[in-house]
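Heads up, target15.cif below (mmCIF, C-alpha atoms):
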```
data_structure
loop_
_atom_site.label_atom_id
_atom_site.label_comp_id
_atom_site.auth_asym_id
_atom_site.auth_seq_id
_atom_site.Cartn_x
_atom_site.Cartn_y
_atom_site.Cartn_z
CA MET H 1 7.16 0.53 18.65
CA PRO H 2 7.39 0.62 14.83
CA LEU H 3 4.51 -1.82 14.29
CA SER H 4 0.86 -1.67 15.29
CA GLN H 5 -1.93 -4.01 14.22
CA LEU H 6 -5.71 -4.10 14.32
CA GLU H 7 -7.77 -7.26 13.96
CA SER H 8 -11.14 -6.92 12.19
CA PRO H 9 -11.32 -3.14 12.71
CA GLU H 10 -14.55 -1.26 12.07
CA PRO H 11 -14.71 1.06 9.03
CA ALA H 12 -14.20 4.18 11.12
CA ALA H 13 -11.06 2.69 12.68
CA VAL H 14 -9.72 1.82 9.20
CA VAL H 15 -10.23 5.40 8.02
CA GLU H 16 -8.61 6.82 11.14
CA ALA H 17 -5.60 4.50 10.83
CA ALA H 18 -5.18 5.29 7.12
CA LYS H 19 -5.27 9.03 7.74
CA ALA H 20 -2.76 8.72 10.57
CA ALA H 21 -0.40 6.61 8.44
CA ALA H 22 -0.53 9.12 5.59
CA ARG H 23 0.03 12.02 8.00
CA ASP H 24 2.97 10.35 9.78
CA GLY H 25 4.68 8.85 6.73
CA SER H 26 4.02 5.23 7.66
CA MET H 27 3.34 2.17 5.54
CA LEU H 28 -0.17 0.74 5.73
CA THR H 29 -1.20 -2.82 4.87
CA VAL H 30 -4.83 -3.88 4.85
CA GLU H 31 -6.24 -7.39 4.38
CA ALA H 32 -9.79 -6.91 3.22
CA ARG H 33 -12.69 -7.87 1.00
CA CYS H 34 -13.07 -4.97 -1.38
CA GLU H 35 -14.01 -3.74 -4.84
CA VAL H 36 -11.78 -1.53 -6.96
CA THR H 37 -12.51 1.17 -9.52
CA TYR H 38 -9.90 2.77 -11.76
CA GLU H 39 -10.29 5.99 -13.75
CA GLY H 40 -7.60 7.62 -15.82
CA ARG H 41 -5.97 6.71 -19.12
CA THR H 42 -8.58 3.95 -19.33
CA SER H 43 -11.29 2.84 -16.93
CA GLY H 44 -11.79 -0.43 -15.11
CA TYR H 45 -13.65 -2.22 -12.37
CA LEU H 46 -12.69 -5.19 -10.18
CA ALA H 47 -15.60 -6.86 -8.39
CA ALA H 48 -15.44 -7.72 -4.70
CA GLY H 49 -12.82 -10.21 -3.53
CA ASP H 50 -10.25 -10.82 -0.81
CA ARG H 51 -7.11 -8.72 -1.38
CA ILE H 52 -4.12 -7.09 0.24
CA LEU H 53 -3.87 -3.30 0.00
CA VAL H 54 -0.56 -1.50 0.48
CA ALA H 55 -0.19 2.27 0.87
CA LYS H 56 3.30 3.77 1.04
CA PRO H 57 4.43 7.20 2.27
CA ASP H 58 5.41 8.33 -1.24
CA GLY H 59 1.87 7.83 -2.55
CA THR H 60 2.45 4.38 -4.03
CA PHE H 61 -0.68 2.25 -3.73
CA LEU H 62 -0.97 -1.45 -4.58
CA VAL H 63 -3.86 -3.91 -4.78
CA HIS H 64 -2.72 -7.53 -4.65
CA GLN H 65 -4.81 -10.61 -5.32
CA SER H 66 -3.99 -14.00 -3.86
CA THR H 67 -1.96 -15.11 -6.92
CA GLY H 68 0.70 -13.53 -9.06
CA HIS H 69 3.59 -11.26 -8.12
CA LYS H 70 2.24 -8.13 -9.79
CA PRO H 71 -0.54 -5.97 -8.33
CA VAL H 72 -3.84 -6.11 -10.19
CA ASN H 73 -4.28 -2.35 -9.67
CA TRP H 74 -1.75 0.21 -8.57
CA MET H 75 -0.78 3.86 -8.41
CA PRO H 76 2.89 4.87 -8.65
CA GLY H 77 4.53 7.25 -6.21
CA GLY H 78 4.10 10.97 -6.50
CA GLY H 79 0.40 11.11 -5.71
CA SER H 80 -1.57 10.82 -2.48
CA VAL H 81 -3.62 8.27 -0.58
CA SER H 82 -6.65 9.44 1.39
CA ALA H 83 -9.44 7.73 3.33
CA ARG H 84 -13.09 8.46 4.08
CA LEU H 85 -16.35 6.86 5.19
CA SER H 86 -19.00 6.39 2.50
CA ASP H 87 -22.36 4.73 3.16
CA GLY H 88 -20.85 2.98 6.15
CA ASP H 89 -17.84 1.60 4.25
CA ALA H 90 -14.20 2.60 4.49
CA VAL H 91 -12.95 3.94 1.16
CA LEU H 92 -9.27 4.37 0.23
CA LEU H 93 -8.49 6.67 -2.69
CA ALA H 94 -5.12 6.89 -4.42
CA ARG H 95 -4.77 9.61 -7.03
CA ARG H 96 -2.33 11.77 -8.93
CA THR H 97 -2.69 14.71 -11.29
CA ASN H 98 -0.07 14.14 -14.01
CA PRO H 99 -1.48 12.15 -15.63
CA SER H 100 -4.89 12.45 -13.99
CA GLU H 101 -5.88 9.05 -12.63
CA ARG H 102 -7.34 7.46 -9.52
CA VAL H 103 -7.75 4.07 -7.88
CA GLU H 104 -10.68 3.87 -5.47
CA VAL H 105 -11.11 0.90 -3.14
CA ARG H 106 -14.37 0.35 -1.30
CA ILE H 107 -13.83 -2.03 1.61
CA GLU H 108 -16.71 -4.34 2.45
CA GLU H 109 -14.94 -6.11 5.32
CA THR H 110 -11.54 -5.62 6.92
CA TYR H 111 -9.83 -8.73 8.27
CA GLY H 112 -6.67 -7.04 9.51
CA LEU H 113 -4.70 -3.79 9.32
CA THR H 114 -1.02 -3.15 9.98
CA ARG H 115 0.76 0.17 10.34
CA PHE H 116 4.52 -0.08 9.91
CA ASP H 117 6.74 2.88 10.82
CA ALA H 118 9.55 1.64 8.59
CA VAL H 119 13.05 3.13 8.59
CA ASP H 120 15.05 2.05 5.55
CA GLY H 121 17.77 4.14 3.95
CA ALA H 122 19.60 1.28 2.26
CA THR H 123 20.11 1.08 -1.50
CA TYR H 124 19.77 -2.28 -3.19
CA GLU H 125 23.02 -3.42 -4.78
CA ASP H 126 22.58 -6.03 -7.47
CA SER H 127 25.48 -8.29 -8.33
CA GLY H 128 25.97 -9.38 -11.90
CA THR H 129 24.04 -6.48 -13.41
CA GLU H 130 23.88 -5.70 -17.11
CA ALA H 131 26.34 -2.85 -16.54
CA GLU H 132 28.79 -5.37 -15.08
CA MET H 133 28.27 -7.58 -18.13
CA HIS H 134 29.17 -4.61 -20.33
CA GLU H 135 32.34 -3.96 -18.33
CA PHE H 136 33.27 -7.63 -18.50
CA ILE H 137 32.83 -7.69 -22.28
CA LYS H 138 34.89 -4.52 -22.74
CA SER H 139 37.71 -6.07 -20.70
CA ASN H 140 37.35 -9.51 -22.29
CA PRO H 141 36.22 -9.06 -25.91
CA ASP H 142 37.61 -12.50 -26.77
CA THR H 143 34.66 -13.89 -24.84
CA LEU H 144 32.64 -13.05 -27.95
CA GLY H 145 35.19 -14.63 -30.26
CA ALA H 146 38.91 -14.39 -30.94
CA ASP H 147 38.23 -12.41 -34.13
CA ILE H 148 36.10 -9.68 -32.54
CA ARG H 149 37.36 -6.12 -32.07
CA ILE H 150 35.02 -3.73 -30.26
CA VAL H 151 34.76 -0.32 -31.97
CA GLU H 152 32.08 1.46 -29.95
CA HIS H 153 30.08 0.93 -26.76
CA GLU H 154 26.42 2.02 -26.77
CA ARG H 155 26.19 3.33 -30.32
CA GLU H 156 23.06 5.40 -30.91
CA SER H 157 20.64 4.35 -33.66
CA LYS H 158 17.09 5.17 -34.68
CA TYR H 159 15.93 2.03 -32.83
CA GLY H 160 17.80 2.82 -29.63
CA TYR H 161 21.30 2.26 -28.31
CA ILE H 162 23.24 -0.71 -29.70
CA ASP H 163 25.18 -2.19 -26.80
CA PHE H 164 28.36 -2.88 -28.79
CA TYR H 165 29.39 -2.22 -32.37
CA ALA H 166 32.40 -4.29 -33.44
CA VAL H 167 34.17 -5.66 -36.50
CA ASP H 168 35.73 -9.05 -37.08
CA ASP H 169 39.08 -9.89 -38.69
CA ASP H 170 37.49 -9.70 -42.14
CA GLY H 171 36.15 -6.21 -41.49
CA VAL H 172 32.55 -7.42 -41.23
CA PRO H 173 30.38 -5.29 -38.87
CA VAL H 174 29.22 -7.11 -35.74
CA VAL H 175 26.14 -5.81 -33.92
CA ILE H 176 26.02 -7.03 -30.32
CA GLU H 177 23.03 -6.89 -27.98
CA VAL H 178 23.52 -7.79 -24.30
CA LYS H 179 20.75 -9.00 -21.98
CA ARG H 180 20.97 -9.60 -18.24
CA ILE H 181 18.22 -12.22 -18.20
CA GLN H 182 17.50 -15.28 -20.28
CA ALA H 183 17.22 -14.26 -23.92
CA THR H 184 13.68 -14.08 -25.31
CA LEU H 185 12.11 -13.77 -28.73
CA ASN H 186 11.62 -10.06 -28.06
CA HIS H 187 15.39 -9.74 -27.64
CA PHE H 188 15.88 -11.65 -30.89
CA ASP H 189 13.52 -9.20 -32.65
CA GLN H 190 15.44 -6.26 -31.20
CA LEU H 191 18.75 -7.63 -32.50
CA GLN H 192 17.23 -8.16 -35.94
CA ARG H 193 16.16 -4.52 -36.08
CA TYR H 194 19.66 -3.35 -35.23
CA VAL H 195 21.24 -5.66 -37.80
CA SER H 196 18.86 -4.41 -40.50
CA LEU H 197 20.32 -0.91 -40.11
CA TYR H 198 23.71 -2.11 -41.38
CA GLU H 199 22.46 -4.55 -44.00
CA GLU H 200 21.47 -1.56 -46.14
CA THR H 201 25.12 -0.48 -46.57
CA ASN H 202 27.14 -3.66 -46.03
CA ASP H 203 27.34 -6.90 -47.99
CA ALA H 204 27.60 -8.87 -44.75
CA VAL H 205 26.62 -8.11 -41.15
CA ARG H 206 26.90 -10.31 -38.08
CA GLY H 207 24.41 -10.07 -35.24
CA MET H 208 25.21 -11.44 -31.79
CA LEU H 209 22.89 -11.85 -28.80
CA VAL H 210 24.71 -12.19 -25.46
CA ALA H 211 22.87 -13.43 -22.35
CA PRO H 212 23.26 -15.91 -19.48
CA SER H 213 21.09 -18.41 -21.35
CA ALA H 214 18.44 -18.83 -24.06
CA SER H 215 15.67 -21.29 -24.77
CA GLU H 216 16.03 -23.69 -27.67
CA ARG H 217 13.37 -21.77 -29.57
CA VAL H 218 15.34 -18.53 -29.31
CA LYS H 219 18.56 -20.28 -30.34
CA ARG H 220 16.78 -21.81 -33.32
CA ALA H 221 15.35 -18.43 -34.37
CA LEU H 222 18.84 -16.94 -34.23
CA ARG H 223 20.36 -19.76 -36.27
CA ASP H 224 17.60 -19.66 -38.87
CA ASN H 225 18.27 -15.97 -39.43
CA GLY H 226 22.05 -16.20 -39.51
CA LEU H 227 22.50 -14.64 -36.07
CA GLU H 228 24.68 -15.82 -33.20
CA PHE H 229 24.24 -16.51 -29.50
CA VAL H 230 26.93 -16.23 -26.81
CA ALA H 231 26.13 -17.54 -23.33
CA LEU H 232 27.70 -15.82 -20.33
CA GLU H 233 26.46 -18.34 -17.80
CA GLU H 234 28.45 -16.79 -14.94
CA PHE H 235 26.00 -13.89 -14.95
CA GLY H 236 22.95 -16.10 -14.41
CA ARG H 237 20.84 -15.35 -11.36
CA ASP H 238 20.41 -17.81 -8.54
CA ALA H 239 16.93 -16.42 -7.85
CA LYS H 240 14.30 -18.61 -9.49
CA GLY H 241 12.39 -16.83 -12.20
CA ALA H 242 14.88 -14.15 -13.15
CA THR H 243 16.33 -16.16 -16.02
CA GLU H 244 13.35 -18.34 -16.84
CA ALA H 245 11.92 -18.24 -20.35
CA LYS H 246 8.51 -16.88 -21.13
CA LEU H 247 5.77 -19.19 -22.37
CA SER H 248 6.12 -17.74 -25.86
CA ASP H 249 9.74 -18.87 -26.05
CA PHE H 250 8.87 -22.58 -26.27
#
```
Just dump the structure as structure tokens.
Amino acid sequence: MPLSQLESPEPAAVVEAAKAAARDGSMLTVEARCEVTYEGRTSGYLAAGDRILVAKPDGTFLVHQSTGHKPVNWMPGGGSVSARLSDGDAVLLARRTNPSERVEVRIEETYGLTRFDAVDGATYEDSGTEAEMHEFIKSNPDTLGADIRIVEHERESKYGYIDFYAVDDDGVPVVIEVKRIQATLNHFDQLQRYVSLYEETNDAVRGMLVAPSASERVKRALRDNGLEFVALEEFGRDAKGATEAKLSDF
């Protein structure tokens, strides 16, 4: 059976289950009241509270609070997760050496524990990715305007790779930045940096931000700075949140 669960296990049982999961390459999920200490590039402490702990076979370790989609503490894969008893409490320790850092969780009370012997060799295939947007634009440059001729895809610059460098019918350079999600002010800033590279040597430069959508604030910032926005709405995600604007965009 790929799944086994313990309800309100004692600290010794938590340690034993964690060691067995690490040894056998199983996922471990623990619902517990715990405190968390981080040491590494910085240091931090999270006082006791009810959280979900997740330990994965590749050394990934996550501490989730009851709100928010991101873990409040975590350790990426490549390290190790170990368990021990300390002063009667179960302690889980995730650590890696490059860079040297550790997340230590002292469990005051365990409400539940699940070991999951997961088998999953599938690779996630995203539809409507940024790469697909690039291919679509290369095949349909008129989407950006009837006067646009693409010269180079992913042109290197000191600020990074410019998605598309083009010229219009008047020979004016057109710098094009493509984003898979709703355009933000950070994307606007990025486009401005790219455009500034060509303003030094050209009397006129056009900058174009391409995305499924943009907030009114982003569109206004583009207009006020002589930049353009092209919406490719067909590449918008159905999943709520993927194309939503950030608070700073309003």
- prompt: Given the file above and the PyMOL selection byres ((chain H and resi 30) around 6), which residues are selected, and can you give them as a PyMOL selection string?
  reply: chain H and resi 29+31+52-53+112-113
Can you spell out as an mmCIF file with C-alpha atoms, in the frame of the given file the set of residues that the PyMOL selection byres ((chain H and resi 59) around 6) selects in the structure I just provided?
```cif
data_model
loop_
_atom_site.group_PDB
_atom_site.id
_atom_site.type_symbol
_atom_site.label_atom_id
_atom_site.label_comp_id
_atom_site.auth_asym_id
_atom_site.auth_seq_id
_atom_site.Cartn_x
_atom_site.Cartn_y
_atom_site.Cartn_z
ATOM 1 C CA LYS H 56 3.300 3.770 1.040
ATOM 2 C CA PRO H 57 4.430 7.200 2.270
ATOM 3 C CA ASP H 58 5.410 8.330 -1.240
ATOM 4 C CA THR H 60 2.450 4.380 -4.030
ATOM 5 C CA GLY H 77 4.530 7.250 -6.210
ATOM 6 C CA GLY H 78 4.100 10.970 -6.500
ATOM 7 C CA GLY H 79 0.400 11.110 -5.710
ATOM 8 C CA SER H 80 -1.570 10.820 -2.480
ATOM 9 C CA VAL H 81 -3.620 8.270 -0.580
#
```
- request: Compare H:Glu233, H:Glu200, H:Arg115, H:Ala183 by their minimum atom-to-atom distance to Val218 (chain H), counting only C-alpha atoms, and give me the closest one.
  value: H:Ala183
task: Given the file shown, enumerate the residues that the PyMOL selection byres ((chain H and resi 96-106) around 9) captures and present them as JSON, numbers by chain.
output: {"H": [33, 34, 35, 36, 37, 38, 39, 40, 41, 42, 48, 53, 59, 61, 63, 73, 74, 75, 76, 77, 78, 79, 80, 86, 89, 90, 91, 92, 93, 94, 95, 107, 108]}
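Non-sequential neighbours of Leu222 (chain H) (distance at most 10 Å, separation of 6 or more positions within a chain, all atoms listed in the file) are Leu185, Phe188, Asp189, Leu191, Gln192, Gly207, Met208, Leu209, Glu216, Glu228 and Phe229 of chain H.
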Complete the atom set of region 76-103 of chain H to N, CA and C atoms and return it as a PDB file, keeping the file's coordinate frame.
```pdb
ATOM      1  N   PRO H  76       1.481   4.637  -8.972  1.00  0.00           N
ATOM      2  CA  PRO H  76       2.890   4.870  -8.650  1.00  0.00           C
ATOM      3  C   PRO H  76       3.052   6.021  -7.679  1.00  0.00           C
ATOM      4  N   GLY H  77       4.252   6.168  -7.155  1.00  0.00           N
ATOM      5  CA  GLY H  77       4.530   7.250  -6.210  1.00  0.00           C
ATOM      6  C   GLY H  77       4.369   8.614  -6.854  1.00  0.00           C
ATOM      7  N   GLY H  78       4.252   9.607  -6.020  1.00  0.00           N
ATOM      8  CA  GLY H  78       4.100  10.970  -6.500  1.00  0.00           C
ATOM      9  C   GLY H  78       2.706  11.530  -6.309  1.00  0.00           C
ATOM     10  N   GLY H  79       1.769  10.655  -5.965  1.00  0.00           N
ATOM     11  CA  GLY H  79       0.400  11.110  -5.710  1.00  0.00           C
ATOM     12  C   GLY H  79       0.103  11.117  -4.215  1.00  0.00           C
ATOM     13  N   SER H  80      -1.159  10.826  -3.887  1.00  0.00           N
ATOM     14  CA  SER H  80      -1.570  10.820  -2.480  1.00  0.00           C
ATOM     15  C   SER H  80      -2.566   9.698  -2.249  1.00  0.00           C
ATOM     16  N   VAL H  81      -2.643   9.271  -0.999  1.00  0.00           N
ATOM     17  CA  VAL H  81      -3.620   8.270  -0.580  1.00  0.00           C
ATOM     18  C   VAL H  81      -4.445   8.863   0.553  1.00  0.00           C
ATOM     19  N   SER H  82      -5.763   8.892   0.375  1.00  0.00           N
ATOM     20  CA  SER H  82      -6.650   9.440   1.390  1.00  0.00           C
ATOM     21  C   SER H  82      -7.695   8.402   1.774  1.00  0.00           C
ATOM     22  N   ALA H  83      -8.431   8.676   2.835  1.00  0.00           N
ATOM     23  CA  ALA H  83      -9.440   7.730   3.330  1.00  0.00           C
ATOM     24  C   ALA H  83     -10.670   8.501   3.787  1.00  0.00           C
ATOM     25  N   ARG H  84     -11.845   7.841   3.631  1.00  0.00           N
ATOM     26  CA  ARG H  84     -13.090   8.460   4.080  1.00  0.00           C
ATOM     27  C   ARG H  84     -14.127   7.362   4.334  1.00  0.00           C
ATOM     28  N   LEU H  85     -15.183   7.737   5.015  1.00  0.00           N
ATOM     29  CA  LEU H  85     -16.350   6.860   5.190  1.00  0.00           C
ATOM     30  C   LEU H  85     -17.378   7.206   4.118  1.00  0.00           C
ATOM     31  N   SER H  86     -17.968   6.177   3.503  1.00  0.00           N
ATOM     32  CA  SER H  86     -19.000   6.390   2.500  1.00  0.00           C
ATOM     33  C   SER H  86     -20.038   5.291   2.622  1.00  0.00           C
ATOM     34  N   ASP H  87     -21.264   5.682   2.979  1.00  0.00           N
ATOM     35  CA  ASP H  87     -22.360   4.730   3.160  1.00  0.00           C
ATOM     36  C   ASP H  87     -21.973   3.600   4.107  1.00  0.00           C
ATOM     37  N   GLY H  88     -21.231   3.949   5.134  1.00  0.00           N
ATOM     38  CA  GLY H  88     -20.850   2.980   6.150  1.00  0.00           C
ATOM     39  C   GLY H  88     -19.621   2.164   5.834  1.00  0.00           C
ATOM     40  N   ASP H  89     -19.052   2.345   4.640  1.00  0.00           N
ATOM     41  CA  ASP H  89     -17.840   1.600   4.250  1.00  0.00           C
ATOM     42  C   ASP H  89     -16.620   2.502   4.321  1.00  0.00           C
ATOM     43  N   ALA H  90     -15.474   1.886   4.598  1.00  0.00           N
ATOM     44  CA  ALA H  90     -14.200   2.600   4.490  1.00  0.00           C
ATOM     45  C   ALA H  90     -13.803   2.620   3.016  1.00  0.00           C
ATOM     46  N   VAL H  91     -13.375   3.783   2.544  1.00  0.00           N
ATOM     47  CA  VAL H  91     -12.950   3.940   1.160  1.00  0.00           C
ATOM     48  C   VAL H  91     -11.541   4.524   1.148  1.00  0.00           C
ATOM     49  N   LEU H  92     -10.625   3.858   0.434  1.00  0.00           N
ATOM     50  CA  LEU H  92      -9.270   4.370   0.230  1.00  0.00           C
ATOM     51  C   LEU H  92      -9.167   4.875  -1.207  1.00  0.00           C
ATOM     52  N   LEU H  93      -8.598   6.053  -1.376  1.00  0.00           N
ATOM     53  CA  LEU H  93      -8.490   6.670  -2.690  1.00  0.00           C
ATOM     54  C   LEU H  93      -7.046   7.076  -2.941  1.00  0.00           C
ATOM     55  N   ALA H  94      -6.458   6.490  -3.980  1.00  0.00           N
ATOM     56  CA  ALA H  94      -5.120   6.890  -4.420  1.00  0.00           C
ATOM     57  C   ALA H  94      -5.273   7.662  -5.714  1.00  0.00           C
ATOM     58  N   ARG H  95      -4.620   8.800  -5.821  1.00  0.00           N
ATOM     59  CA  ARG H  95      -4.770   9.610  -7.030  1.00  0.00           C
ATOM     60  C   ARG H  95      -3.527  10.447  -7.277  1.00  0.00           C
ATOM     61  N   ARG H  96      -3.372  10.830  -8.541  1.00  0.00           N
ATOM     62  CA  ARG H  96      -2.330  11.770  -8.930  1.00  0.00           C
ATOM     63  C   ARG H  96      -2.874  12.635 -10.066  1.00  0.00           C
ATOM     64  N   THR H  97      -2.162  13.729 -10.342  1.00  0.00           N
ATOM     65  CA  THR H  97      -2.690  14.710 -11.290  1.00  0.00           C
ATOM     66  C   THR H  97      -2.002  14.687 -12.655  1.00  0.00           C
ATOM     67  N   ASN H  98      -0.789  14.124 -12.739  1.00  0.00           N
ATOM     68  CA  ASN H  98      -0.070  14.140 -14.010  1.00  0.00           C
ATOM     69  C   ASN H  98       0.548  12.774 -14.288  1.00  0.00           C
ATOM     70  N   PRO H  99      -0.168  11.921 -15.033  1.00  0.00           N
ATOM     71  CA  PRO H  99      -1.480  12.150 -15.630  1.00  0.00           C
ATOM     72  C   PRO H  99      -2.581  12.028 -14.579  1.00  0.00           C
ATOM     73  N   SER H 100      -3.763  12.500 -14.916  1.00  0.00           N
ATOM     74  CA  SER H 100      -4.890  12.450 -13.990  1.00  0.00           C
ATOM     75  C   SER H 100      -5.447  11.031 -13.939  1.00  0.00           C
ATOM     76  N   GLU H 101      -5.333  10.384 -12.794  1.00  0.00           N
ATOM     77  CA  GLU H 101      -5.880   9.050 -12.630  1.00  0.00           C
ATOM     78  C   GLU H 101      -6.113   8.772 -11.149  1.00  0.00           C
ATOM     79  N   ARG H 102      -6.974   7.779 -10.896  1.00  0.00           N
ATOM     80  CA  ARG H 102      -7.340   7.460  -9.520  1.00  0.00           C
ATOM     81  C   ARG H 102      -7.696   5.994  -9.391  1.00  0.00           C
ATOM     82  N   VAL H 103      -7.346   5.430  -8.253  1.00  0.00           N
ATOM     83  CA  VAL H 103      -7.750   4.070  -7.880  1.00  0.00           C
ATOM     84  C   VAL H 103      -8.549   4.186  -6.595  1.00  0.00           C
TER      85      VAL H 103
END
```
